[in-house]
Amino acid sequence: MIEVKQVARRYREKEILRDINLTIERGEIFTIIGPTGAGKTTLLRLIDLLELPSLGSIHVDGRDTNTTAKKRLAIRREMSLLFQKPALFNTSVYDNVTYGLKFRGVPRAEIDKKVTHALELVGLSSYATRLATTLSGGEGQRVALARALVTEPEVLLLDEPTANLDPRSVEKIEELILRVNREYQTTIIMATHDMLQGQRLADRIGVLMNNTIEQVGSPTEIFYAPLNEAIARFVGVDNIVPSVVESNNGGETVVDLNGSEVICISNFTTGAAVLICLRAEEVVLSKELGKSSLRNWIRSQITKLTLVGPTVRVTLENGLVALITKQSAEELKLTEGDEVNASFKATAVHLARR
């Protein structure tokens with residue numbers, strides 16, 4: 001549906017985006033993640049045709065957006081962009097939601113029908129006469145979402161839609177995003193810095209780093225099979241260890257992890273320089289001396305225990321980090337200095353090129 005080809009964006013001498021290549025399918029939720037300042041908002045503005053690329057092209061349903069102002073406006077009217085901090089007018093909720101329809105010259109009777117439906121969709125039917133600027137942050141965001149949806153866009157672009165909202169408001173907005181996508185087959189492109197939100201909502205994720213798209217894939221591919229060290233660190237992989245492939249027998253690969261032999265699955269050939277990537281939550285701890293049923297197990301000493309909400313981060317002397325529930329840590333009676341077995345599946349280990 002949307003093709004972004006070799007797009008770059010510069011502001012004077014500053015390079016914001018370079019060599020952006022994306023294909024976004026109709027009806028999918030595509031999430032763009034990346035650090036603050038990576039250019040996520042700029043990319044959304046380019047797709048929404050609020051800005052022109054310095055280089056490259058953007059096609060929507062096969063139509064080149066580098067065209068006349070009239071044709072660009074026609075394409076823009078098929079899309080809606082919800083900003084991180086949407087501006088609500090100092091009027092009623094109803095009047096705020098009507099804005100896009102009035103701009104398009106929609107008849108009054110049809111406006112009333114569409115606004116009523118949009119407010120029902122976001123759960124604010126009883127708020128129609130309320131002054132929009134007096135609402136809470138979560139309520140205001142739902143008004144802005146209703147305003148974006150009332151024009152029935154083919155594509156909905158969301159820029160950090162739940163930033164600075166309380167957990168309950170975040171949950172409501174996420175439920176709305178999924179509902180709009182599933183019920184109306186609306187294509188949704190969302191920029192977020194919230195890793196867990198990306199995992200929860202996205203069909204596919206694009207990682208925007210160093211001014212370009214570094215990797216595109218399913219949530220599982222992005223979070224469990226990052227292409228390089230920068231992506232691995234960004235998506236929260238705790239165990240990233242330089243190594244060399246010692247052997248590969250039909251895909252069964254042996255690498256060294258700080259003096260311990262680790263078996264995994266990969267296409268890397270013997271002698272290849274790699275990074276061992278292992279998420280902390282994939283590591284299982286026990287105090288038993290016998291081998292685990294898992295393919296890999298390493299005996300080491302606990303050097304640090306750190307409480308992280310309902311979990312405990314366990315750092316081992318060999319450099320490995322495990323993340324277990326607080327309840328598990330209490331049941332194992334873990335203390336610093338204890339000897340433990342750290343076990344993990346061969347399939348939990350991902351090798352990236354270094």
# chains A, B, ... in the order shown; residues from 1 in each chain; ligands from 1
call {"tool": "select_by_dssp", "arguments": {"residues": "region 72-198 of chain A", "states": "strand (DSSP E or B)", "output": "list in words"}}
result
Met79, Ser80, Leu81, Leu82, Ser92, Leu131, Val155, Leu156, Leu157, Leu158, Asp159, Thr187, Ile188, Ile189, Met190, Ala191 and Thr192 of chain A
call {"tool": "write_last_selection", "arguments": {"atoms": "N, CA, C and O atoms", "output": "compact mmCIF listing (two decimals), in the first residue's frame"}}
result
# COMPACT_ATOMS: atom_id res chain seq x y z
N MET A 79 -5.61 9.90 4.81
CA MET A 79 -4.80 9.60 5.98
C MET A 79 -5.11 10.57 7.11
O MET A 79 -5.60 11.68 6.88
N SER A 80 -4.83 10.13 8.34
CA SER A 80 -4.94 11.02 9.51
C SER A 80 -3.71 10.81 10.38
O SER A 80 -3.27 9.67 10.56
N LEU A 81 -3.18 11.90 10.91
CA LEU A 81 -2.01 11.85 11.77
C LEU A 81 -2.37 12.37 13.15
O LEU A 81 -2.87 13.48 13.29
N LEU A 82 -2.13 11.54 14.17
CA LEU A 82 -2.35 11.94 15.55
C LEU A 82 -1.01 12.25 16.18
O LEU A 82 -0.16 11.37 16.32
N SER A 92 -16.28 22.60 22.57
CA SER A 92 -16.80 21.32 23.05
C SER A 92 -16.08 20.14 22.39
O SER A 92 -15.45 20.29 21.32
N LEU A 131 -16.24 20.76 27.65
CA LEU A 131 -15.18 21.59 27.10
C LEU A 131 -13.93 20.73 26.98
O LEU A 131 -13.43 20.18 27.98
N VAL A 155 -5.41 5.20 6.24
CA VAL A 155 -4.17 5.07 6.98
C VAL A 155 -4.23 5.99 8.20
O VAL A 155 -4.53 7.18 8.08
N LEU A 156 -3.94 5.42 9.37
CA LEU A 156 -3.88 6.20 10.60
C LEU A 156 -2.44 6.20 11.10
O LEU A 156 -1.86 5.15 11.34
N LEU A 157 -1.87 7.40 11.22
CA LEU A 157 -0.50 7.55 11.70
C LEU A 157 -0.53 8.07 13.13
O LEU A 157 -1.22 9.06 13.42
N LEU A 158 0.21 7.41 14.01
CA LEU A 158 0.19 7.75 15.43
C LEU A 158 1.62 8.04 15.90
O LEU A 158 2.51 7.19 15.78
N ASP A 159 1.81 9.22 16.46
CA ASP A 159 3.13 9.62 16.95
C ASP A 159 3.13 9.56 18.48
O ASP A 159 2.56 10.43 19.14
N THR A 187 -5.07 0.65 8.06
CA THR A 187 -3.61 0.52 8.15
C THR A 187 -3.12 1.51 9.20
O THR A 187 -3.45 2.70 9.15
N ILE A 188 -2.33 1.02 10.15
CA ILE A 188 -1.86 1.87 11.24
C ILE A 188 -0.33 1.88 11.26
O ILE A 188 0.31 0.82 11.28
N ILE A 189 0.23 3.08 11.24
CA ILE A 189 1.67 3.27 11.33
C ILE A 189 1.93 4.07 12.60
O ILE A 189 1.44 5.20 12.73
N MET A 190 2.66 3.48 13.52
CA MET A 190 2.80 4.09 14.85
C MET A 190 4.27 4.21 15.23
O MET A 190 5.03 3.24 15.12
N ALA A 191 4.66 5.38 15.67
CA ALA A 191 6.00 5.59 16.22
C ALA A 191 5.92 5.54 17.73
O ALA A 191 5.02 6.15 18.33
N THR A 192 6.81 4.78 18.36
CA THR A 192 6.80 4.69 19.81
C THR A 192 8.20 4.39 20.33
O THR A 192 9.01 3.79 19.64
call {"tool": "closest_atom_pairs", "arguments": {"of": "region 190-251 of chain A", "to": "region 160-174 of chain A", "cutoff": "12 Å", "atoms": "only C-alpha atoms", "output": "JSON lines"}}
result
{"residue": "A:Met190", "atom": "CA", "partner": "A:Glu160", "partner_atom": "CA", "distance": 7.1}
{"residue": "A:Ala191", "atom": "CA", "partner": "A:Glu160", "partner_atom": "CA", "distance": 5.5}
{"residue": "A:Thr192", "atom": "CA", "partner": "A:Glu160", "partner_atom": "CA", "distance": 4.8}
{"residue": "A:His193", "atom": "CA", "partner": "A:Glu160", "partner_atom": "CA", "distance": 7.3}
{"residue": "A:Asp194", "atom": "CA", "partner": "A:Glu160", "partner_atom": "CA", "distance": 8.4}
{"residue": "A:Met195", "atom": "CA", "partner": "A:Glu160", "partner_atom": "CA", "distance": 11.7}
{"residue": "A:Leu196", "atom": "CA", "partner": "A:Glu174", "partner_atom": "CA", "distance": 11.6}
{"residue": "A:Gln197", "atom": "CA", "partner": "A:Glu174", "partner_atom": "CA", "distance": 8.3}
{"residue": "A:Gly198", "atom": "CA", "partner": "A:Glu174", "partner_atom": "CA", "distance": 10.5}
{"residue": "A:Gln199", "atom": "CA", "partner": "A:Glu174", "partner_atom": "CA", "distance": 11.8}
{"residue": "A:Arg200", "atom": "CA", "partner": "A:Glu174", "partner_atom": "CA", "distance": 8.8}
{"residue": "A:Leu201", "atom": "CA", "partner": "A:Glu174", "partner_atom": "CA", "distance": 7.5}
{"residue": "A:Ala202", "atom": "CA", "partner": "A:Glu174", "partner_atom": "CA", "distance": 10.9}
call {"tool": "write_last_selection", "arguments": {"atoms": "C-alpha atoms", "output": "CSV table (one decimal), in the first residue's frame"}}
result
chain,number,residue,atom,x,y,z
A,190,MET,CA,2.8,4.1,14.8
A,191,ALA,CA,6.0,5.6,16.2
A,192,THR,CA,6.8,4.7,19.8
A,193,HIS,CA,9.7,4.5,22.2
A,194,ASP,CA,7.8,1.9,24.3
A,195,MET,CA,9.3,-1.5,23.5
A,196,LEU,CA,6.6,-3.5,25.2
A,197,GLN,CA,3.9,-1.5,23.3
A,198,GLY,CA,5.7,-2.3,20.0
A,199,GLN,CA,5.6,-6.0,20.9
A,200,ARG,CA,2.0,-6.0,22.0
A,201,LEU,CA,0.5,-4.2,19.0
A,202,ALA,CA,2.7,-4.6,15.9
call {"tool": "closest_atom_pairs", "arguments": {"of": "region 208-294 of chain A", "to": "region 13-18 of chain A", "cutoff": "12 Å", "atoms": "only C-alpha atoms", "output": "CSV"}}
result
residue,atom,partner,partner_atom,distance
A:Leu208,CA,A:Leu17,CA,9.2
A:Met209,CA,A:Leu17,CA,9.5
A:Asn210,CA,A:Leu17,CA,8.3
A:Asn211,CA,A:Leu17,CA,4.5
A:Thr212,CA,A:Arg18,CA,5.5
A:Ile213,CA,A:Arg18,CA,8.6
A:Glu214,CA,A:Arg18,CA,11.0
call {"tool": "residues_around", "arguments": {"residues": "Leu88 (chain A)", "least_positions_apart": "5", "cutoff": "12 Å", "atoms": "only C-alpha atoms", "output": "PDB file with N, CA, C and O atoms, in the first residue's frame"}}
result
ATOM      1  N   LEU A  82      -2.134  11.545  14.167  1.00  0.00           N
ATOM      2  CA  LEU A  82      -2.354  11.944  15.554  1.00  0.00           C
ATOM      3  C   LEU A  82      -1.006  12.252  16.178  1.00  0.00           C
ATOM      4  O   LEU A  82      -0.163  11.372  16.318  1.00  0.00           O
ATOM      5  N   PHE A  83      -0.794  13.507  16.557  1.00  0.00           N
ATOM      6  CA  PHE A  83       0.478  13.933  17.109  1.00  0.00           C
ATOM      7  C   PHE A  83       0.620  13.508  18.571  1.00  0.00           C
ATOM      8  O   PHE A  83      -0.365  13.210  19.252  1.00  0.00           O
ATOM      9  N   VAL A  93     -16.205  19.000  23.019  1.00  0.00           N
ATOM     10  CA  VAL A  93     -15.655  17.764  22.448  1.00  0.00           C
ATOM     11  C   VAL A  93     -16.261  17.530  21.066  1.00  0.00           C
ATOM     12  O   VAL A  93     -15.560  17.198  20.105  1.00  0.00           O
ATOM     13  N   TYR A  94     -17.561  17.717  20.954  1.00  0.00           N
ATOM     14  CA  TYR A  94     -18.259  17.525  19.676  1.00  0.00           C
ATOM     15  C   TYR A  94     -17.644  18.396  18.582  1.00  0.00           C
ATOM     16  O   TYR A  94     -17.331  17.924  17.488  1.00  0.00           O
ATOM     17  N   ASP A  95     -17.468  19.687  18.868  1.00  0.00           N
ATOM     18  CA  ASP A  95     -16.932  20.605  17.865  1.00  0.00           C
ATOM     19  C   ASP A  95     -15.498  20.247  17.492  1.00  0.00           C
ATOM     20  O   ASP A  95     -15.083  20.415  16.333  1.00  0.00           O
ATOM     21  N   ASN A  96     -14.716  19.767  18.458  1.00  0.00           N
ATOM     22  CA  ASN A  96     -13.351  19.338  18.151  1.00  0.00           C
ATOM     23  C   ASN A  96     -13.341  18.207  17.137  1.00  0.00           C
ATOM     24  O   ASN A  96     -12.531  18.195  16.209  1.00  0.00           O
ATOM     25  N   VAL A  97     -14.250  17.263  17.316  1.00  0.00           N
ATOM     26  CA  VAL A  97     -14.276  16.088  16.439  1.00  0.00           C
ATOM     27  C   VAL A  97     -14.797  16.432  15.048  1.00  0.00           C
ATOM     28  O   VAL A  97     -14.428  15.798  14.059  1.00  0.00           O
ATOM     29  N   THR A  98     -15.621  17.466  14.939  1.00  0.00           N
ATOM     30  CA  THR A  98     -16.201  17.830  13.631  1.00  0.00           C
ATOM     31  C   THR A  98     -15.196  18.516  12.703  1.00  0.00           C
ATOM     32  O   THR A  98     -15.461  18.643  11.498  1.00  0.00           O
ATOM     33  N   TYR A  99     -14.064  18.948  13.233  1.00  0.00           N
ATOM     34  CA  TYR A  99     -13.173  19.840  12.483  1.00  0.00           C
ATOM     35  C   TYR A  99     -12.843  19.311  11.084  1.00  0.00           C
ATOM     36  O   TYR A  99     -13.000  20.016  10.079  1.00  0.00           O
ATOM     37  N   LEU A 131     -16.241  20.759  27.652  1.00  0.00           N
ATOM     38  CA  LEU A 131     -15.183  21.588  27.100  1.00  0.00           C
ATOM     39  C   LEU A 131     -13.930  20.726  26.980  1.00  0.00           C
ATOM     40  O   LEU A 131     -13.435  20.179  27.980  1.00  0.00           O
ATOM     41  N   ALA A 132     -13.411  20.588  25.774  1.00  0.00           N
ATOM     42  CA  ALA A 132     -12.319  19.646  25.509  1.00  0.00           C
ATOM     43  C   ALA A 132     -11.067  19.943  26.335  1.00  0.00           C
ATOM     44  O   ALA A 132     -10.367  19.029  26.769  1.00  0.00           O
ATOM     45  N   THR A 133     -10.795  21.218  26.567  1.00  0.00           N
ATOM     46  CA  THR A 133      -9.561  21.596  27.264  1.00  0.00           C
ATOM     47  C   THR A 133      -9.610  21.322  28.760  1.00  0.00           C
ATOM     48  O   THR A 133      -8.607  21.509  29.453  1.00  0.00           O
ATOM     49  N   THR A 134     -10.758  20.872  29.268  1.00  0.00           N
ATOM     50  CA  THR A 134     -10.864  20.566  30.704  1.00  0.00           C
ATOM     51  C   THR A 134     -10.697  19.072  30.988  1.00  0.00           C
ATOM     52  O   THR A 134     -10.734  18.651  32.144  1.00  0.00           O
ATOM     53  N   LEU A 135     -10.481  18.280  29.945  1.00  0.00           N
ATOM     54  CA  LEU A 135     -10.399  16.829  30.108  1.00  0.00           C
ATOM     55  C   LEU A 135      -9.020  16.398  30.587  1.00  0.00           C
ATOM     56  O   LEU A 135      -8.038  17.134  30.471  1.00  0.00           O
ATOM     57  N   SER A 136      -8.960  15.183  31.113  1.00  0.00           N
ATOM     58  CA  SER A 136      -7.676  14.608  31.520  1.00  0.00           C
ATOM     59  C   SER A 136      -6.846  14.269  30.287  1.00  0.00           C
ATOM     60  O   SER A 136      -7.348  14.287  29.153  1.00  0.00           O
ATOM     61  N   GLY A 137      -5.571  13.938  30.508  1.00  0.00           N
ATOM     62  CA  GLY A 137      -4.700  13.619  29.391  1.00  0.00           C
ATOM     63  C   GLY A 137      -5.196  12.447  28.571  1.00  0.00           C
ATOM     64  O   GLY A 137      -5.210  12.492  27.330  1.00  0.00           O
ATOM     65  N   GLU A 139      -8.324  11.272  28.401  1.00  0.00           N
ATOM     66  CA  GLU A 139      -9.575  11.633  27.737  1.00  0.00           C
ATOM     67  C   GLU A 139      -9.304  12.534  26.535  1.00  0.00           C
ATOM     68  O   GLU A 139      -9.900  12.361  25.470  1.00  0.00           O
ATOM     69  N   GLY A 140      -8.382  13.483  26.706  1.00  0.00           N
ATOM     70  CA  GLY A 140      -8.030  14.372  25.607  1.00  0.00           C
ATOM     71  C   GLY A 140      -7.437  13.611  24.429  1.00  0.00           C
ATOM     72  O   GLY A 140      -7.718  13.920  23.266  1.00  0.00           O
ATOM     73  N   GLN A 141      -6.634  12.596  24.733  1.00  0.00           N
ATOM     74  CA  GLN A 141      -6.041  11.793  23.664  1.00  0.00           C
ATOM     75  C   GLN A 141      -7.109  11.007  22.916  1.00  0.00           C
ATOM     76  O   GLN A 141      -7.035  10.828  21.698  1.00  0.00           O
ATOM     77  N   ARG A 142      -8.142  10.571  23.631  1.00  0.00           N
ATOM     78  CA  ARG A 142      -9.231   9.858  22.962  1.00  0.00           C
ATOM     79  C   ARG A 142     -10.076  10.798  22.099  1.00  0.00           C
ATOM     80  O   ARG A 142     -10.578  10.398  21.039  1.00  0.00           O
ATOM     81  N   VAL A 143     -10.212  12.048  22.530  1.00  0.00           N
ATOM     82  CA  VAL A 143     -10.895  13.039  21.687  1.00  0.00           C
ATOM     83  C   VAL A 143     -10.101  13.244  20.395  1.00  0.00           C
ATOM     84  O   VAL A 143     -10.665  13.265  19.293  1.00  0.00           O
ATOM     85  N   ALA A 144      -8.785  13.378  20.543  1.00  0.00           N
ATOM     86  CA  ALA A 144      -7.932  13.564  19.370  1.00  0.00           C
ATOM     87  C   ALA A 144      -7.999  12.341  18.450  1.00  0.00           C
ATOM     88  O   ALA A 144      -7.982  12.473  17.221  1.00  0.00           O
ATOM     89  N   LEU A 145      -8.095  11.154  19.045  1.00  0.00           N
ATOM     90  CA  LEU A 145      -8.195   9.937  18.242  1.00  0.00           C
ATOM     91  C   LEU A 145      -9.540   9.899  17.513  1.00  0.00           C
ATOM     92  O   LEU A 145      -9.605   9.518  16.332  1.00  0.00           O
ATOM     93  N   ALA A 146     -10.602  10.304  18.192  1.00  0.00           N
ATOM     94  CA  ALA A 146     -11.914  10.376  17.534  1.00  0.00           C
ATOM     95  C   ALA A 146     -11.866  11.356  16.364  1.00  0.00           C
ATOM     96  O   ALA A 146     -12.438  11.093  15.293  1.00  0.00           O
ATOM     97  N   ARG A 147     -11.191  12.480  16.553  1.00  0.00           N
ATOM     98  CA  ARG A 147     -11.054  13.488  15.483  1.00  0.00           C
ATOM     99  C   ARG A 147     -10.293  12.927  14.294  1.00  0.00           C
ATOM    100  O   ARG A 147     -10.587  13.238  13.133  1.00  0.00           O
TER     101      ARG A 147
END
call {"tool": "atom_distance", "arguments": {"atom1": "CA of Glu336 (chain A)", "atom2": "CA of Ser260 (chain A)"}}
result
21.4 Å
call {"tool": "residues_around", "arguments": {"residues": "Leu22 (chain A)", "least_positions_apart": "5", "cutoff": "7 Å", "atoms": "only C-alpha atoms", "output": "PDB file with all heavy atoms, in the first residue's frame"}}
result
ATOM      1  N   GLU A   3       4.830   2.600  -0.224  1.00  0.00           N
ATOM      2  CA  GLU A   3       6.214   2.264  -0.530  1.00  0.00           C
ATOM      3  C   GLU A   3       7.097   3.501  -0.339  1.00  0.00           C
ATOM      4  O   GLU A   3       6.834   4.547  -0.934  1.00  0.00           O
ATOM      5  CB  GLU A   3       6.350   1.763  -1.965  1.00  0.00           C
ATOM      6  CG  GLU A   3       5.756   0.385  -2.207  1.00  0.00           C
ATOM      7  CD  GLU A   3       6.007  -0.073  -3.627  1.00  0.00           C
ATOM      8  OE1 GLU A   3       5.241   0.348  -4.518  1.00  0.00           O
ATOM      9  OE2 GLU A   3       6.969  -0.833  -3.839  1.00  0.00           O
ATOM     10  N   VAL A   4       8.088   3.364   0.504  1.00  0.00           N
ATOM     11  CA  VAL A   4       9.056   4.431   0.743  1.00  0.00           C
ATOM     12  C   VAL A   4      10.376   3.961   0.146  1.00  0.00           C
ATOM     13  O   VAL A   4      10.925   2.945   0.563  1.00  0.00           O
ATOM     14  CB  VAL A   4       9.209   4.704   2.259  1.00  0.00           C
ATOM     15  CG1 VAL A   4      10.208   5.838   2.500  1.00  0.00           C
ATOM     16  CG2 VAL A   4       7.857   5.038   2.876  1.00  0.00           C
ATOM     17  N   LYS A   5      10.862   4.680  -0.866  1.00  0.00           N
ATOM     18  CA  LYS A   5      12.032   4.221  -1.608  1.00  0.00           C
ATOM     19  C   LYS A   5      13.178   5.223  -1.518  1.00  0.00           C
ATOM     20  O   LYS A   5      13.050   6.363  -1.972  1.00  0.00           O
ATOM     21  CB  LYS A   5      11.676   4.000  -3.084  1.00  0.00           C
ATOM     22  CG  LYS A   5      10.606   2.946  -3.328  1.00  0.00           C
ATOM     23  CD  LYS A   5      10.301   2.823  -4.815  1.00  0.00           C
ATOM     24  CE  LYS A   5       9.229   1.780  -5.076  1.00  0.00           C
ATOM     25  NZ  LYS A   5       8.906   1.684  -6.528  1.00  0.00           N
TER      26      LYS A   5
END
call {"tool": "atom_distance", "arguments": {"atom1": "CA of Val312 (chain A)", "atom2": "CA of Lys326 (chain A)"}}
result
5.5 Å
call {"tool": "residues_around", "arguments": {"residues": "region 304-309 of chain A", "least_positions_apart": "2", "cutoff": "9 Å", "atoms": "only C-alpha atoms", "output": "PDB file with all heavy atoms, in the first residue's frame"}}
result
ATOM      1  N   ILE A 302      26.629 -16.172  41.948  1.00  0.00           N
ATOM      2  CA  ILE A 302      25.875 -14.920  41.917  1.00  0.00           C
ATOM      3  C   ILE A 302      26.720 -13.796  42.524  1.00  0.00           C
ATOM      4  O   ILE A 302      27.224 -13.926  43.635  1.00  0.00           O
ATOM      5  CB  ILE A 302      24.554 -15.049  42.706  1.00  0.00           C
ATOM      6  CG1 ILE A 302      23.641 -16.085  42.066  1.00  0.00           C
ATOM      7  CG2 ILE A 302      23.842 -13.700  42.790  1.00  0.00           C
ATOM      8  CD1 ILE A 302      22.373 -16.366  42.845  1.00  0.00           C
ATOM      9  N   THR A 311      10.318  -8.507  39.286  1.00  0.00           N
ATOM     10  CA  THR A 311      11.365  -9.439  38.885  1.00  0.00           C
ATOM     11  C   THR A 311      12.665  -9.144  39.623  1.00  0.00           C
ATOM     12  O   THR A 311      12.830  -8.093  40.243  1.00  0.00           O
ATOM     13  CB  THR A 311      11.622  -9.370  37.365  1.00  0.00           C
ATOM     14  OG1 THR A 311      12.115  -8.058  37.040  1.00  0.00           O
ATOM     15  CG2 THR A 311      10.353  -9.649  36.579  1.00  0.00           C
ATOM     16  N   VAL A 312      13.593 -10.094  39.534  1.00  0.00           N
ATOM     17  CA  VAL A 312      14.923  -9.931  40.111  1.00  0.00           C
ATOM     18  C   VAL A 312      15.957 -10.153  39.014  1.00  0.00           C
ATOM     19  O   VAL A 312      15.930 -11.171  38.310  1.00  0.00           O
ATOM     20  CB  VAL A 312      15.167 -10.922  41.268  1.00  0.00           C
ATOM     21  CG1 VAL A 312      16.602 -10.789  41.787  1.00  0.00           C
ATOM     22  CG2 VAL A 312      14.172 -10.683  42.396  1.00  0.00           C
ATOM     23  N   ARG A 313      16.840  -9.197  38.858  1.00  0.00           N
ATOM     24  CA  ARG A 313      17.935  -9.303  37.895  1.00  0.00           C
ATOM     25  C   ARG A 313      19.119  -9.939  38.613  1.00  0.00           C
ATOM     26  O   ARG A 313      19.619  -9.405  39.613  1.00  0.00           O
ATOM     27  CB  ARG A 313      18.292  -7.910  37.371  1.00  0.00           C
ATOM     28  CG  ARG A 313      19.459  -7.847  36.405  1.00  0.00           C
ATOM     29  CD  ARG A 313      19.748  -6.388  36.074  1.00  0.00           C
ATOM     30  NE  ARG A 313      21.018  -6.221  35.403  1.00  0.00           N
ATOM     31  CZ  ARG A 313      21.182  -6.199  34.095  1.00  0.00           C
ATOM     32  NH1 ARG A 313      20.124  -6.349  33.313  1.00  0.00           N
ATOM     33  NH2 ARG A 313      22.380  -6.041  33.559  1.00  0.00           N
ATOM     34  N   VAL A 314      19.565 -11.077  38.111  1.00  0.00           N
ATOM     35  CA  VAL A 314      20.638 -11.848  38.741  1.00  0.00           C
ATOM     36  C   VAL A 314      21.887 -11.785  37.864  1.00  0.00           C
ATOM     37  O   VAL A 314      21.870 -12.239  36.720  1.00  0.00           O
ATOM     38  CB  VAL A 314      20.219 -13.316  38.944  1.00  0.00           C
ATOM     39  CG1 VAL A 314      21.312 -14.073  39.705  1.00  0.00           C
ATOM     40  CG2 VAL A 314      18.885 -13.408  39.683  1.00  0.00           C
ATOM     41  N   THR A 315      22.965 -11.207  38.396  1.00  0.00           N
ATOM     42  CA  THR A 315      24.220 -11.121  37.663  1.00  0.00           C
ATOM     43  C   THR A 315      25.172 -12.195  38.176  1.00  0.00           C
ATOM     44  O   THR A 315      25.370 -12.343  39.390  1.00  0.00           O
ATOM     45  CB  THR A 315      24.865  -9.733  37.842  1.00  0.00           C
ATOM     46  OG1 THR A 315      23.926  -8.721  37.441  1.00  0.00           O
ATOM     47  CG2 THR A 315      26.128  -9.606  37.000  1.00  0.00           C
ATOM     48  N   LEU A 316      25.751 -12.950  37.236  1.00  0.00           N
ATOM     49  CA  LEU A 316      26.638 -14.048  37.593  1.00  0.00           C
ATOM     50  C   LEU A 316      28.095 -13.668  37.373  1.00  0.00           C
ATOM     51  O   LEU A 316      28.410 -12.753  36.597  1.00  0.00           O
ATOM     52  CB  LEU A 316      26.299 -15.291  36.767  1.00  0.00           C
ATOM     53  CG  LEU A 316      24.851 -15.788  36.874  1.00  0.00           C
ATOM     54  CD1 LEU A 316      24.659 -17.039  36.017  1.00  0.00           C
ATOM     55  CD2 LEU A 316      24.467 -16.049  38.318  1.00  0.00           C
ATOM     56  N   GLU A 317      28.986 -14.393  38.017  1.00  0.00           N
ATOM     57  CA  GLU A 317      30.413 -14.095  37.951  1.00  0.00           C
ATOM     58  C   GLU A 317      30.967 -14.220  36.544  1.00  0.00           C
ATOM     59  O   GLU A 317      31.887 -13.493  36.149  1.00  0.00           O
ATOM     60  CB  GLU A 317      31.169 -15.046  38.889  1.00  0.00           C
ATOM     61  CG  GLU A 317      32.643 -14.708  39.073  1.00  0.00           C
ATOM     62  CD  GLU A 317      33.314 -15.626  40.068  1.00  0.00           C
ATOM     63  OE1 GLU A 317      32.877 -16.788  40.202  1.00  0.00           O
ATOM     64  OE2 GLU A 317      34.267 -15.187  40.726  1.00  0.00           O
ATOM     65  N   LYS A 326      10.322 -12.450  41.262  1.00  0.00           N
ATOM     66  CA  LYS A 326      10.666 -12.286  42.678  1.00  0.00           C
ATOM     67  C   LYS A 326      10.293 -13.543  43.459  1.00  0.00           C
ATOM     68  O   LYS A 326      11.020 -13.986  44.355  1.00  0.00           O
ATOM     69  CB  LYS A 326       9.950 -11.063  43.235  1.00  0.00           C
ATOM     70  CG  LYS A 326      10.288 -10.711  44.682  1.00  0.00           C
ATOM     71  CD  LYS A 326       9.638  -9.394  45.055  1.00  0.00           C
ATOM     72  CE  LYS A 326       9.940  -9.007  46.494  1.00  0.00           C
ATOM     73  NZ  LYS A 326       9.231  -9.884  47.454  1.00  0.00           N
ATOM     74  N   LEU A 334      17.808 -17.326  46.927  1.00  0.00           N
ATOM     75  CA  LEU A 334      19.048 -16.839  46.319  1.00  0.00           C
ATOM     76  C   LEU A 334      19.663 -15.715  47.144  1.00  0.00           C
ATOM     77  O   LEU A 334      18.969 -14.811  47.604  1.00  0.00           O
ATOM     78  CB  LEU A 334      18.775 -16.333  44.899  1.00  0.00           C
ATOM     79  CG  LEU A 334      18.279 -17.346  43.868  1.00  0.00           C
ATOM     80  CD1 LEU A 334      18.117 -16.679  42.507  1.00  0.00           C
ATOM     81  CD2 LEU A 334      19.218 -18.548  43.769  1.00  0.00           C
ATOM     82  N   THR A 335      20.971 -15.777  47.300  1.00  0.00           N
ATOM     83  CA  THR A 335      21.730 -14.698  47.928  1.00  0.00           C
ATOM     84  C   THR A 335      23.022 -14.516  47.154  1.00  0.00           C
ATOM     85  O   THR A 335      23.483 -15.435  46.445  1.00  0.00           O
ATOM     86  CB  THR A 335      22.061 -15.016  49.405  1.00  0.00           C
ATOM     87  OG1 THR A 335      22.832 -16.233  49.445  1.00  0.00           O
ATOM     88  CG2 THR A 335      20.801 -15.181  50.232  1.00  0.00           C
ATOM     89  N   GLU A 336      23.604 -13.363  47.278  1.00  0.00           N
ATOM     90  CA  GLU A 336      24.875 -13.108  46.599  1.00  0.00           C
ATOM     91  C   GLU A 336      25.940 -14.063  47.143  1.00  0.00           C
ATOM     92  O   GLU A 336      26.032 -14.289  48.351  1.00  0.00           O
ATOM     93  CB  GLU A 336      25.295 -11.653  46.795  1.00  0.00           C
ATOM     94  CG  GLU A 336      24.364 -10.687  46.083  1.00  0.00           C
ATOM     95  CD  GLU A 336      24.742  -9.224  46.272  1.00  0.00           C
ATOM     96  OE1 GLU A 336      25.764  -8.963  46.930  1.00  0.00           O
ATOM     97  OE2 GLU A 336      23.998  -8.347  45.777  1.00  0.00           O
ATOM     98  N   GLY A 337      26.701 -14.663  46.253  1.00  0.00           N
ATOM     99  CA  GLY A 337      27.713 -15.650  46.621  1.00  0.00           C
ATOM    100  C   GLY A 337      27.280 -17.080  46.391  1.00  0.00           C
ATOM    101  O   GLY A 337      28.106 -18.000  46.387  1.00  0.00           O
TER     102      GLY A 337
END
call {"tool": "closest_residue", "arguments": {"among": "A:Ala118, A:Val255, A:Leu44, A:Ala352", "to": "Glu229 (chain A)", "atoms": "only C-alpha atoms"}}
result
A:Ala352
call {"tool": "closest_residue", "arguments": {"among": "A:Thr303, A:Gln215, A:Asn318, A:Thr31", "to": "Asn228 (chain A)", "atoms": "only C-alpha atoms"}}
result
A:Gln215
call {"tool": "closest_residue", "arguments": {"among": "A:Val284, A:His350, A:Gly217, A:Pro226", "to": "Thr253 (chain A)", "atoms": "only C-alpha atoms"}}
result
A:His350
call {"tool": "atom_distance", "arguments": {"atom1": "CA of Leu73 (chain A)", "atom2": "CA of Thr91 (chain A)"}}
result
26.6 Å
call {"tool": "residues_around", "arguments": {"residues": "region 275-277 of chain A", "least_positions_apart": "6", "cutoff": "7 Å", "atoms": "only C-alpha atoms", "output": "PyMOL selection string"}}
result
chain A and resi 237+239-243+349-354
